$ cat start.tsv   # TSV, C-alpha atoms
chain	number	residue	atom	x	y	z
A	1	MET	CA	88.69	4.55	86.74
A	2	THR	CA	86.94	6.78	84.21
A	3	LYS	CA	87.79	10.47	83.85
A	4	TRP	CA	84.83	12.78	83.17
A	5	ILE	CA	84.51	16.45	82.27
A	6	THR	CA	81.36	18.54	82.07
A	7	ARG	CA	80.52	20.46	78.91
A	8	LEU	CA	77.90	23.20	78.63
A	9	ASN	CA	76.22	23.00	75.22
A	10	ALA	CA	74.36	25.81	73.47
A	11	SER	CA	70.60	25.53	73.87
A	12	ALA	CA	69.92	28.22	71.26
A	13	TYR	CA	71.56	28.89	67.88
A	14	ASN	CA	72.91	32.32	68.77
A	15	GLN	CA	74.64	30.97	71.90
A	16	GLN	CA	77.22	29.14	69.79
A	17	TYR	CA	79.20	32.39	69.48
A	18	ASP	CA	79.23	33.09	73.23
A	19	ALA	CA	82.59	32.89	74.96
A	20	ILE	CA	81.12	30.51	77.56
A	21	GLN	CA	80.18	27.97	74.88
A	22	ILE	CA	83.45	28.31	72.96
A	23	VAL	CA	85.65	27.84	76.02
A	24	SER	CA	83.54	24.96	77.37
A	25	LYS	CA	83.79	23.18	74.02
A	26	ASN	CA	87.53	23.80	73.67
A	27	VAL	CA	88.24	22.58	77.21
A	28	ALA	CA	86.24	19.39	76.62
A	29	GLU	CA	87.99	18.76	73.30
A	30	SER	CA	91.42	19.09	74.94
A	31	ALA	CA	90.35	16.81	77.80
A	32	LYS	CA	89.15	14.11	75.41
A	33	LYS	CA	92.68	13.90	73.98
A	34	LEU	CA	93.73	12.75	77.46
A	35	GLY	CA	91.02	10.11	77.67
A	36	PHE	CA	88.28	12.13	79.38
A	37	GLN	CA	84.64	11.51	78.54
A	38	GLU	CA	82.00	14.23	78.43
A	39	LEU	CA	79.11	14.86	80.81
A	40	ASN	CA	76.87	17.00	78.62
A	41	LEU	CA	74.73	19.79	80.06
A	42	ILE	CA	72.55	22.61	78.75
A	43	GLY	CA	70.95	25.63	80.41
A	44	TYR	CA	67.92	23.76	81.75
A	45	ASP	CA	64.59	25.59	81.96
A	46	ASN	CA	61.95	25.29	84.68
A	47	ILE	CA	64.13	23.68	87.32
A	48	ASN	CA	64.49	26.34	90.01
A	49	ASN	CA	61.28	25.38	91.85
A	50	ASN	CA	61.11	21.78	90.66
A	51	GLN	CA	63.26	19.57	92.87
A	52	SER	CA	62.05	16.36	91.20
A	53	ARG	CA	63.08	17.59	87.73
A	54	ARG	CA	66.48	18.70	89.06
A	55	HIS	CA	67.04	15.27	90.60
A	56	ASN	CA	66.02	13.46	87.41
A	57	ILE	CA	68.44	15.54	85.33
A	58	GLN	CA	71.26	14.93	87.80
A	59	GLU	CA	70.62	11.19	87.70
A	60	ALA	CA	70.53	11.20	83.90
A	61	VAL	CA	73.82	13.10	83.62
A	62	LEU	CA	75.72	11.57	86.53
A	63	GLY	CA	74.33	8.03	86.48
A	64	VAL	CA	77.35	6.89	84.47
A	65	VAL	CA	79.84	8.02	87.13
A	66	GLN	CA	81.12	5.08	89.15
A	67	PRO	CA	82.99	4.79	92.49
A	68	GLY	CA	86.62	5.82	92.11
A	69	ASP	CA	86.06	7.98	89.03
A	70	LEU	CA	87.37	11.51	88.50
A	71	VAL	CA	84.95	14.32	87.62
A	72	VAL	CA	86.14	17.71	86.39
A	73	VAL	CA	83.40	20.35	86.57
A	74	GLN	CA	83.69	23.47	84.44
A	75	PHE	CA	82.81	26.10	87.04
A	76	PRO	CA	80.39	27.80	87.34
A	77	MET	CA	77.73	25.70	85.62
A	78	TRP	CA	75.70	28.78	84.57
A	79	THR	CA	72.46	27.30	85.84
A	80	HIS	CA	70.22	27.75	88.87
A	81	LEU	CA	72.18	27.85	92.10
A	82	ASN	CA	70.23	25.04	93.76
A	83	PHE	CA	70.84	22.76	90.77
A	84	GLN	CA	74.57	23.46	90.87
A	85	ALA	CA	74.84	22.89	94.63
A	86	GLU	CA	72.87	19.63	94.39
A	87	PHE	CA	74.94	18.54	91.39
A	88	PHE	CA	78.15	18.87	93.38
A	89	ASP	CA	76.64	17.10	96.40
A	90	TYR	CA	75.45	14.24	94.15
A	91	ILE	CA	79.01	13.73	92.91
A	92	LYS	CA	80.46	13.85	96.41
A	93	ARG	CA	78.08	11.10	97.56
A	94	ILE	CA	79.58	8.63	95.08
A	95	GLU	CA	82.19	6.55	96.88
A	96	SER	CA	85.83	7.58	96.38
A	97	VAL	CA	85.02	9.96	93.53
A	98	ARG	CA	87.41	12.89	93.21
A	99	MET	CA	85.88	16.18	92.10
A	100	VAL	CA	87.88	18.99	90.48
A	101	ALA	CA	86.73	22.51	89.57
A	102	LEU	CA	88.04	24.05	86.37
A	103	ILE	CA	87.26	27.74	86.82
A	104	HIS	CA	85.88	29.89	84.04
A	105	ASP	CA	84.68	32.70	86.27
A	106	ILE	CA	84.05	33.54	89.92
A	107	PRO	CA	80.67	35.32	90.06
A	108	THR	CA	81.40	36.87	93.46
A	109	TRP	CA	84.27	38.83	91.96
A	110	MET	CA	82.45	39.59	88.71
A	111	PHE	CA	79.60	41.45	90.36
A	112	THR	CA	81.11	42.72	93.59
A	113	GLN	CA	82.16	46.26	94.33
A	114	ASP	CA	85.85	45.64	94.74
A	115	ASP	CA	86.47	43.69	97.96
A	116	ASP	CA	83.05	44.35	99.51
A	117	TYR	CA	81.73	40.82	100.09
A	118	ASP	CA	81.34	38.36	102.96
A	119	ARG	CA	84.12	35.82	102.42
A	120	GLU	CA	82.96	33.41	105.11
A	121	ASN	CA	79.36	33.15	103.96
A	122	ASP	CA	79.72	33.71	100.23
A	123	PHE	CA	77.89	31.05	98.17
A	124	TRP	CA	80.46	30.76	95.39
A	125	LEU	CA	83.52	30.62	97.63
A	126	ASN	CA	81.88	27.96	99.78
A	127	GLN	CA	81.00	25.95	96.67
A	128	LEU	CA	84.66	25.92	95.68
A	129	LYS	CA	85.64	24.56	99.09
A	130	LYS	CA	83.81	21.30	98.21
A	131	PHE	CA	86.40	20.30	95.59
A	132	ASP	CA	89.48	18.12	95.93
A	133	LEU	CA	91.44	20.43	93.63
A	134	ILE	CA	90.80	23.66	91.73
A	135	MET	CA	92.21	24.55	88.32
A	136	VAL	CA	92.44	28.34	88.52
A	137	GLY	CA	92.92	30.73	85.63
A	138	ASN	CA	96.30	32.01	86.76
A	139	ASP	CA	98.49	32.44	89.84
A	140	LYS	CA	96.95	35.81	90.71
A	141	MET	CA	93.48	34.27	90.78
A	142	GLY	CA	94.76	31.43	92.94
A	143	HIS	CA	96.40	33.73	95.45
A	144	LYS	CA	93.23	35.83	95.66
A	145	LEU	CA	91.14	32.72	96.36
A	146	GLN	CA	93.59	31.71	99.08
A	147	GLU	CA	93.27	35.19	100.56
A	148	ASP	CA	89.49	34.72	100.51
A	149	GLY	CA	89.77	31.54	102.57
A	150	VAL	CA	89.67	28.83	99.87
A	151	SER	CA	92.43	26.46	100.96
A	152	VAL	CA	91.87	23.72	98.36
A	153	PRO	CA	95.01	22.72	96.36
A	154	MET	CA	95.21	24.67	93.09
A	155	VAL	CA	96.84	24.35	89.67
A	156	ALA	CA	97.06	27.38	87.33
A	157	MET	CA	96.10	27.17	83.65
A	158	ARG	CA	97.89	30.48	82.81
A	159	ILE	CA	95.66	31.32	79.83
A	160	TRP	CA	92.80	29.73	77.90
A	161	ASP	CA	93.33	27.78	74.72
A	162	TYR	CA	91.59	28.77	71.51
A	163	LEU	CA	91.46	25.66	69.30
A	164	TYR	CA	91.95	26.69	65.70
A	165	GLN	CA	93.39	24.92	62.66
A	166	GLY	CA	92.10	27.23	59.94
A	167	PRO	CA	93.87	29.66	57.63
A	168	HIS	CA	95.92	32.68	58.74
A	169	ARG	CA	96.89	35.81	56.89
A	170	ASP	CA	100.44	37.13	56.89
A	171	LYS	CA	100.86	39.85	59.50
A	172	THR	CA	102.20	43.28	58.60
A	173	PHE	CA	102.79	46.29	60.82
A	174	GLN	CA	99.57	48.27	60.75
A	175	LYS	CA	98.58	51.00	63.16
A	176	LYS	CA	95.15	49.66	64.05
A	177	LEU	CA	93.47	48.07	67.06
A	178	TYR	CA	90.90	45.31	67.43
A	179	TYR	CA	88.41	44.74	70.24
A	180	VAL	CA	86.27	41.58	70.17
A	181	SER	CA	83.33	41.40	72.59
A	182	GLY	CA	80.03	39.63	73.15
A	183	ARG	CA	78.60	42.72	74.88
A	184	ASP	CA	77.26	46.03	73.62
A	185	ILE	CA	79.73	48.92	73.64
A	186	VAL	CA	77.95	51.87	75.25
A	187	ASP	CA	80.70	54.44	75.76
A	188	LEU	CA	84.25	55.14	74.73
A	189	ASP	CA	86.96	57.44	76.07
A	190	TYR	CA	89.20	57.60	73.02
A	191	GLN	CA	90.72	60.64	71.34
A	192	ALA	CA	93.57	58.91	69.51
A	193	SER	CA	93.79	58.71	65.72
A	194	THR	CA	94.73	55.02	65.53
A	195	PRO	CA	91.73	53.16	64.00
A	196	LEU	CA	89.82	51.06	66.51
A	197	TYR	CA	87.88	48.12	65.06
A	198	PHE	CA	85.01	46.67	67.09
A	199	TYR	CA	83.74	43.13	66.51
A	200	ASN	CA	80.54	42.93	68.55
A	201	LYS	CA	76.75	42.92	68.30
A	202	SER	CA	76.02	46.57	68.96
A	203	VAL	CA	77.69	49.91	69.63
A	204	SER	CA	76.02	53.16	70.73
A	205	ASP	CA	75.69	56.17	68.45
A	206	ASP	CA	78.19	58.02	70.64
A	207	VAL	CA	80.75	55.31	69.90
A	208	THR	CA	80.18	55.14	66.14
A	209	SER	CA	80.36	58.93	65.91
A	210	ASN	CA	84.01	58.71	66.96
A	211	GLY	CA	86.01	59.22	63.78
A	212	SER	CA	88.55	56.55	64.73
A	213	VAL	CA	85.97	53.79	65.26
A	214	VAL	CA	85.14	51.13	62.67
A	215	TRP	CA	82.28	48.83	63.69
A	216	LEU	CA	82.37	45.40	62.02
A	217	GLY	CA	79.42	43.77	63.80
A	218	ARG	CA	79.36	40.38	65.46
A	219	GLN	CA	81.08	37.63	63.51
A	220	PRO	CA	82.02	34.00	64.22
A	221	SER	CA	85.27	33.91	66.17
A	222	ASP	CA	87.04	31.66	63.68
A	223	ASP	CA	86.23	34.12	60.90
A	224	ILE	CA	87.83	36.92	62.91
A	225	VAL	CA	90.95	34.83	63.53
A	226	SER	CA	91.25	34.10	59.81
A	227	GLN	CA	90.67	37.73	58.73
A	228	ILE	CA	93.15	39.60	60.91
A	229	ASP	CA	96.24	40.63	58.94
A	230	GLY	CA	98.07	42.86	61.41
A	231	GLY	CA	97.58	45.39	64.17
A	232	PHE	CA	97.05	44.78	67.89
A	233	GLY	CA	94.32	43.09	69.92
A	234	ILE	CA	92.96	44.91	72.98
A	235	VAL	CA	92.33	42.47	75.83
A	236	VAL	CA	91.44	44.87	78.65
A	237	SER	CA	90.97	48.64	78.69
A	238	GLU	CA	89.09	50.95	81.03
A	239	ASN	CA	88.59	53.30	78.06
A	240	ILE	CA	85.97	50.94	76.59
A	241	LYS	CA	82.66	50.77	78.46
A	242	GLU	CA	80.46	47.72	77.91
A	243	LYS	CA	76.81	47.19	78.84
A	244	SER	CA	76.95	44.99	81.90
A	245	ASN	CA	76.44	44.99	85.64
A	246	MET	CA	79.90	43.49	86.06
A	247	ASN	CA	82.66	45.37	87.87
A	248	PHE	CA	85.19	44.97	85.04
A	249	VAL	CA	87.85	47.14	86.68
A	250	PHE	CA	88.00	44.82	89.69
A	251	TYR	CA	87.40	41.47	88.00
A	252	ASN	CA	89.79	41.93	85.08
A	253	GLN	CA	92.67	41.85	87.55
A	254	TYR	CA	92.11	38.12	88.08
A	255	ASN	CA	90.36	36.45	85.16
A	256	ASN	CA	91.60	34.83	81.95
A	257	PRO	CA	89.91	36.79	79.13
A	258	THR	CA	88.97	34.61	76.18
A	259	LYS	CA	89.83	37.39	73.74
A	260	LEU	CA	93.48	37.20	74.84
A	261	SER	CA	93.69	33.66	73.50
A	262	LEU	CA	91.72	34.57	70.38
A	263	TYR	CA	94.26	37.27	69.50
A	264	LEU	CA	97.15	34.89	70.14
A	265	ALA	CA	95.47	32.29	67.92
A	266	ALA	CA	95.23	34.99	65.25
A	267	GLY	CA	98.94	35.68	65.73
A	268	ILE	CA	98.86	39.37	66.68
A	269	PRO	CA	100.36	41.26	69.64
A	270	ILE	CA	98.04	41.95	72.57
A	271	ILE	CA	97.36	45.03	74.69
A	272	VAL	CA	96.61	44.64	78.41
A	273	SER	CA	96.47	46.97	81.38
A	274	SER	CA	99.07	46.88	84.15
A	275	LYS	CA	96.55	45.57	86.71
A	276	THR	CA	95.88	42.32	84.88
A	277	ALA	CA	97.31	38.93	85.73
A	278	HIS	CA	98.99	38.75	82.32
A	279	ALA	CA	100.79	42.12	82.23
A	280	GLN	CA	104.14	40.75	83.34
A	281	MET	CA	103.84	37.82	80.94
A	282	VAL	CA	103.31	40.24	78.05
A	283	ILE	CA	106.41	42.20	79.08
A	284	ASP	CA	108.61	39.18	79.74
A	285	GLN	CA	107.65	37.37	76.54
A	286	GLY	CA	107.62	40.46	74.31
A	287	ILE	CA	104.22	39.59	72.83
A	288	GLY	CA	102.44	42.93	73.16
A	289	LEU	CA	102.06	46.19	75.04
A	290	VAL	CA	100.98	47.16	78.54
A	291	ILE	CA	98.88	50.33	78.30
A	292	ASP	CA	96.52	51.71	80.94
A	293	ASP	CA	95.12	54.57	78.83
A	294	LEU	CA	94.34	53.88	75.17
A	295	ASN	CA	94.76	57.58	74.43
A	296	GLU	CA	98.51	56.93	74.65
A	297	ILE	CA	98.40	54.53	71.70
A	298	ASP	CA	99.44	56.99	68.98
A	299	ASN	CA	102.59	57.84	70.90
A	300	ARG	CA	103.38	54.21	71.70
A	301	LEU	CA	102.93	53.05	68.10
A	302	SER	CA	105.05	55.93	66.80
A	303	ARG	CA	108.03	54.32	68.54
A	304	ILE	CA	107.47	50.90	66.95
A	305	THR	CA	109.01	50.04	63.58
A	306	ALA	CA	107.96	47.40	61.09
A	307	GLU	CA	111.01	45.40	62.19
A	308	ASP	CA	109.97	45.68	65.85
A	309	TYR	CA	106.52	44.43	64.93
A	310	GLN	CA	107.87	41.41	63.07
A	311	GLN	CA	110.00	40.56	66.12
A	312	MET	CA	106.80	40.51	68.19
A	313	ILE	CA	105.11	38.31	65.61
A	314	LYS	CA	108.05	35.90	65.79
A	315	LYS	CA	107.80	35.73	69.58
A	316	ILE	CA	104.03	35.18	69.38
A	317	LYS	CA	104.38	32.22	67.01
A	318	PRO	CA	104.98	29.51	69.68
A	319	TRP	CA	102.15	30.98	71.79
A	320	GLN	CA	99.90	30.90	68.74
A	321	GLU	CA	100.71	27.23	68.17
A	322	ALA	CA	100.21	26.43	71.86
A	323	VAL	CA	96.75	27.98	72.27
A	324	SER	CA	95.60	26.70	68.87
A	325	GLY	CA	96.56	23.14	69.79
A	326	GLY	CA	95.13	23.02	73.31
A	327	TYR	CA	98.44	23.14	75.16
A	328	PHE	CA	97.42	25.09	78.26
A	329	VAL	CA	94.32	23.10	79.25
A	330	THR	CA	96.09	19.81	78.46
A	331	ARG	CA	99.10	20.85	80.53
A	332	SER	CA	96.97	21.84	83.53
A	333	LEU	CA	94.87	18.65	83.36
A	334	MET	CA	98.07	16.61	83.42
A	335	ALA	CA	99.37	18.64	86.36
A	336	MET	CA	96.08	18.01	88.14
A	337	THR	CA	96.28	14.23	87.67
A	338	ARG	CA	99.97	14.19	88.71
A	339	TYR	CA	98.98	15.75	92.02
A	340	LEU	CA	95.87	13.62	92.62
A	341	ASP	CA	97.45	10.33	91.55
A	342	LEU	CA	101.07	10.80	92.64
A	343	GLY	CA	101.01	13.61	95.16
A	344	LEU	CA	103.47	15.71	93.12
A	345	LYS	CA	103.17	19.31	94.24
A	346	GLU	CA	105.54	21.25	91.97
A	347	ASP	CA	102.68	22.58	89.84
A	348	LEU	CA	100.56	23.83	92.74
A	349	VAL	CA	99.93	27.56	93.19
$ encode --input "start.tsv" --output "structure tokens"
Amino acid sequence: MTKWITRLNASAYNQQYDAIQIVSKNVAESAKKLGFQELNLIGYDNINNNQSRRHNIQEAVLGVVQPGDLVVVQFPMWTHLNFQAEFFDYIKRIESVRMVALIHDIPTWMFTQDDDYDRENDFWLNQLKKFDLIMVGNDKMGHKLQEDGVSVPMVAMRIWDYLYQGPHRDKTFQKKLYYVSGRDIVDLDYQASTPLYFYNKSVSDDVTSNGSVVWLGRQPSDDIVSQIDGGFGIVVSENIKEKSNMNFVFYNQYNNPTKLSLYLAAGIPIIVSSKTAHAQMVIDQGIGLVIDDLNEIDNRLSRITAEDYQQMIKKIKPWQEAVSGGYFVTRSLMAMTRYLDLGLKEDLV
């Protein structure tokens, strides 16, 4: 039996900094340590209305998969819907092949208005029902999928890894915030004095006119990890408005933000909102703050001492080592194979 995992490769130079590409690469690298082989994909052009081209690509990618193999698909595939559906069906037609979804995102939740969607007829939910097992981002995501009628066995990854073996700076207690994003920042509800550093491609004039904002532009993620010397990383905040048609307020309750793992790899405390799947983890592990309104930050930081901060840094250290070394994806892949091969259910959501 051969174990396979899909990997979405950048088809343009500027895509290499996108979270989708970084996570897909990191997941594949962790899987290869466990003996997986890659099924390489790109964002194919001119396939939506070309069934013959779609079929030829599927044959080229999946022709190596043999009966009895295991295929882990990083989901969604970020391609045309008909290509993705046919890709899954192609795999399922191979005798005794087991197919597992490793979820990056659930588009239904990303773009819905809260719970306003047709669970029974939703394309994405029905696609997930085709799998033998689903690797979900976290327990909260898994329970929500079960509520939405997806009854496939599930294993939770908890958080993403961020593979990094580069240099780090010593961390000191500094009253400053970081926000790393691949999207434009269009609005900001922030009256606090604590400096707020944005790493992203573009911010609006209204945002840069805020006296507490420092815009650092878009930079390679590894460079950011190596540069940070203290402060706190904002994972989720309703005070920051990004250019997107996503419903962030709803979706951020369930997803695994990549910036959370980036901040942990950098070795700094994180800030999340109370609605997120990671809020209790942050509290229990003492690795950051739970804040729903960033305008409270001055008051919250005034109660933290340099000694308190160093205690947080100490508690973050094992998490930093874990995400930097690929622990969480490796752990969940092993839990997945334990269930599929041995029927062990202790890791199921």
$ closest_residue --input "start.tsv" --among "A:Pro167, A:Gly286, A:Gly35, A:Gly182" --to "Arg218 (chain A)" --atoms "all atoms listed in the file"
A:Gly182
$ closest_residue --input "start.tsv" --among "A:Ile268, A:Met281, A:Ile291, A:Ile5" --to "Asp229 (chain A)" --atoms "all atoms listed in the file"
A:Ile268
$ axis_aligned_box --input "start.tsv" --around "region 308-312 of chain A" --padding-each-side "8 Å" --output "JSON"
{"center_x": 108.3, "center_y": 43.1, "center_z": 65.6, "size_x": 19.5, "size_y": 21.2, "size_z": 21.1}
$ atom_distance --input "start.tsv" --atom1 "CA of Leu294 (chain A)" --atom2 "CA of Ala279 (chain A)"
15.2 Å
$ residues_around --input "start.tsv" --residues "Asp187 (chain A)" --least-positions-apart "2" --cutoff "10 Å" --atoms "all atoms listed in the file" --output "PyMOL selection string"
chain A and resi 184-185+189-190+203-208+239-243
$ closest_residue --input "start.tsv" --among "A:Thr2, A:Asn295, A:Gln253, A:Ser261" --to "Gly142 (chain A)" --atoms "all atoms listed in the file"
A:Gln253
$ closest_residue --input "start.tsv" --among "A:Gly211, A:Gly288, A:Pro195, A:Gly166" --to "Val225 (chain A)" --atoms "only C-alpha atoms"
A:Gly166
$ closest_residue --input "start.tsv" --among "A:Arg158, A:Lys140, A:Asp18, A:Arg7" --to "Asn200 (chain A)" --atoms "all atoms listed in the file"
A:Asp18
$ closest_residue --input "start.tsv" --among "A:Ala60, A:Ala265, A:Leu163, A:Leu39" --to "Pro318 (chain A)" --atoms "all atoms listed in the file"
A:Ala265
$ residues_around --input "start.tsv" --residues "Ile287 (chain A)" --least-positions-apart "3" --cutoff "6 Å" --atoms "all atoms listed in the file" --output "count of residues only"
4
$ residues_near_point --input "start.tsv" --point "(95.5, 51.1, 75.0)" --cutoff "12 Å" --atoms "all atoms listed in the file" --output "PDB file with C-alpha atoms, in the coordinates of the input"
ATOM      1  CA  LYS A 176      95.150  49.660  64.050  1.00  0.00           C
ATOM      2  CA  LEU A 177      93.470  48.070  67.060  1.00  0.00           C
ATOM      3  CA  TYR A 178      90.900  45.310  67.430  1.00  0.00           C
ATOM      4  CA  TYR A 179      88.410  44.740  70.240  1.00  0.00           C
ATOM      5  CA  LEU A 188      84.250  55.140  74.730  1.00  0.00           C
ATOM      6  CA  ASP A 189      86.960  57.440  76.070  1.00  0.00           C
ATOM      7  CA  TYR A 190      89.200  57.600  73.020  1.00  0.00           C
ATOM      8  CA  GLN A 191      90.720  60.640  71.340  1.00  0.00           C
ATOM      9  CA  ALA A 192      93.570  58.910  69.510  1.00  0.00           C
ATOM     10  CA  THR A 194      94.730  55.020  65.530  1.00  0.00           C
ATOM     11  CA  PRO A 195      91.730  53.160  64.000  1.00  0.00           C
ATOM     12  CA  LEU A 196      89.820  51.060  66.510  1.00  0.00           C
ATOM     13  CA  PHE A 232      97.050  44.780  67.890  1.00  0.00           C
ATOM     14  CA  GLY A 233      94.320  43.090  69.920  1.00  0.00           C
ATOM     15  CA  ILE A 234      92.960  44.910  72.980  1.00  0.00           C
ATOM     16  CA  VAL A 235      92.330  42.470  75.830  1.00  0.00           C
ATOM     17  CA  VAL A 236      91.440  44.870  78.650  1.00  0.00           C
ATOM     18  CA  SER A 237      90.970  48.640  78.690  1.00  0.00           C
ATOM     19  CA  GLU A 238      89.090  50.950  81.030  1.00  0.00           C
ATOM     20  CA  ASN A 239      88.590  53.300  78.060  1.00  0.00           C
ATOM     21  CA  ILE A 240      85.970  50.940  76.590  1.00  0.00           C
ATOM     22  CA  ILE A 270      98.040  41.950  72.570  1.00  0.00           C
ATOM     23  CA  ILE A 271      97.360  45.030  74.690  1.00  0.00           C
ATOM     24  CA  VAL A 272      96.610  44.640  78.410  1.00  0.00           C
ATOM     25  CA  SER A 273      96.470  46.970  81.380  1.00  0.00           C
ATOM     26  CA  SER A 274      99.070  46.880  84.150  1.00  0.00           C
ATOM     27  CA  GLY A 288     102.440  42.930  73.160  1.00  0.00           C
ATOM     28  CA  LEU A 289     102.060  46.190  75.040  1.00  0.00           C
ATOM     29  CA  VAL A 290     100.980  47.160  78.540  1.00  0.00           C
ATOM     30  CA  ILE A 291      98.880  50.330  78.300  1.00  0.00           C
ATOM     31  CA  ASP A 292      96.520  51.710  80.940  1.00  0.00           C
ATOM     32  CA  ASP A 293      95.120  54.570  78.830  1.00  0.00           C
ATOM     33  CA  LEU A 294      94.340  53.880  75.170  1.00  0.00           C
ATOM     34  CA  ASN A 295      94.760  57.580  74.430  1.00  0.00           C
ATOM     35  CA  GLU A 296      98.510  56.930  74.650  1.00  0.00           C
ATOM     36  CA  ILE A 297      98.400  54.530  71.700  1.00  0.00           C
ATOM     37  CA  ASP A 298      99.440  56.990  68.980  1.00  0.00           C
ATOM     38  CA  ASN A 299     102.590  57.840  70.900  1.00  0.00           C
ATOM     39  CA  ARG A 300     103.380  54.210  71.700  1.00  0.00           C
ATOM     40  CA  LEU A 301     102.930  53.050  68.100  1.00  0.00           C
TER      41      LEU A 301
END
$ atom_distance --input "start.tsv" --atom1 "CA of Met246 (chain A)" --atom2 "CA of Val136 (chain A)"
19.8 Å
$ residues_around --input "start.tsv" --residues "region 74-86 of chain A" --least-positions-apart "3" --cutoff "9 Å" --atoms "all atoms listed in the file" --output "PyMOL selection string"
chain A and resi 5-8+24+27+41-45+47-48+51+54-55+58+89-91+100-107+123-124+127-128
$ atom_distance --input "start.tsv" --atom1 "CA of Gln37 (chain A)" --atom2 "CA of Ser332 (chain A)"
16.8 Å
$ residues_around --input "start.tsv" --residues "Ser30 (chain A)" --least-positions-apart "6" --cutoff "7 Å" --atoms "all atoms listed in the file" --output "PDB file with C-alpha atoms, keeping the file's coordinate frame"
ATOM      1  CA  GLY A 326      95.130  23.020  73.310  1.00  0.00           C
ATOM      2  CA  VAL A 329      94.320  23.100  79.250  1.00  0.00           C
ATOM      3  CA  THR A 330      96.090  19.810  78.460  1.00  0.00           C
TER       4      THR A 330
END
$ build_atoms --input "start.tsv" --residues "region 210-215 of chain A" --atoms "all heavy atoms" --output "mmCIF file, in the frame of the given file"
data_model
loop_
_atom_site.group_PDB
_atom_site.id
_atom_site.type_symbol
_atom_site.label_atom_id
_atom_site.label_comp_id
_atom_site.auth_asym_id
_atom_site.auth_seq_id
_atom_site.Cartn_x
_atom_site.Cartn_y
_atom_site.Cartn_z
ATOM 1 N N ASN A 210 82.574 58.483 66.810
ATOM 2 C CA ASN A 210 84.010 58.710 66.960
ATOM 3 C C ASN A 210 84.689 58.408 65.618
ATOM 4 O O ASN A 210 84.557 57.305 65.071
ATOM 5 C CB ASN A 210 84.571 57.799 68.060
ATOM 6 C CG ASN A 210 86.019 58.066 68.384
ATOM 7 O OD1 ASN A 210 86.869 58.097 67.504
ATOM 8 N ND2 ASN A 210 86.320 58.258 69.665
ATOM 9 N N GLY A 211 85.415 59.362 65.101
ATOM 10 C CA GLY A 211 86.010 59.220 63.780
ATOM 11 C C GLY A 211 87.044 58.124 63.656
ATOM 12 O O GLY A 211 87.391 57.727 62.534
ATOM 13 N N SER A 212 87.542 57.610 64.770
ATOM 14 C CA SER A 212 88.550 56.550 64.730
ATOM 15 C C SER A 212 87.952 55.156 64.832
ATOM 16 O O SER A 212 88.674 54.152 64.744
ATOM 17 C CB SER A 212 89.564 56.742 65.868
ATOM 18 O OG SER A 212 90.273 57.955 65.713
ATOM 19 N N VAL A 213 86.629 55.074 65.027
ATOM 20 C CA VAL A 213 85.970 53.790 65.260
ATOM 21 C C VAL A 213 85.450 53.188 63.955
ATOM 22 O O VAL A 213 84.840 53.876 63.132
ATOM 23 C CB VAL A 213 84.805 53.938 66.263
ATOM 24 C CG1 VAL A 213 83.926 52.690 66.274
ATOM 25 C CG2 VAL A 213 85.353 54.205 67.658
ATOM 26 N N VAL A 214 85.712 51.903 63.773
ATOM 27 C CA VAL A 214 85.140 51.130 62.670
ATOM 28 C C VAL A 214 84.396 49.950 63.299
ATOM 29 O O VAL A 214 85.007 49.108 63.968
ATOM 30 C CB VAL A 214 86.221 50.612 61.712
ATOM 31 C CG1 VAL A 214 85.583 49.805 60.579
ATOM 32 C CG2 VAL A 214 87.048 51.760 61.154
ATOM 33 N N TRP A 215 83.082 49.906 63.095
ATOM 34 C CA TRP A 215 82.280 48.830 63.690
ATOM 35 C C TRP A 215 82.044 47.746 62.653
ATOM 36 O O TRP A 215 81.503 48.000 61.576
ATOM 37 C CB TRP A 215 80.959 49.375 64.219
ATOM 38 C CG TRP A 215 80.067 48.321 64.803
ATOM 39 C CD1 TRP A 215 80.401 47.403 65.747
ATOM 40 C CD2 TRP A 215 78.697 48.077 64.471
ATOM 41 N NE1 TRP A 215 79.328 46.599 66.046
ATOM 42 C CE2 TRP A 215 78.280 46.989 65.274
ATOM 43 C CE3 TRP A 215 77.793 48.668 63.588
ATOM 44 C CZ2 TRP A 215 76.968 46.483 65.199
ATOM 45 C CZ3 TRP A 215 76.501 48.169 63.519
ATOM 46 C CH2 TRP A 215 76.086 47.093 64.319
#
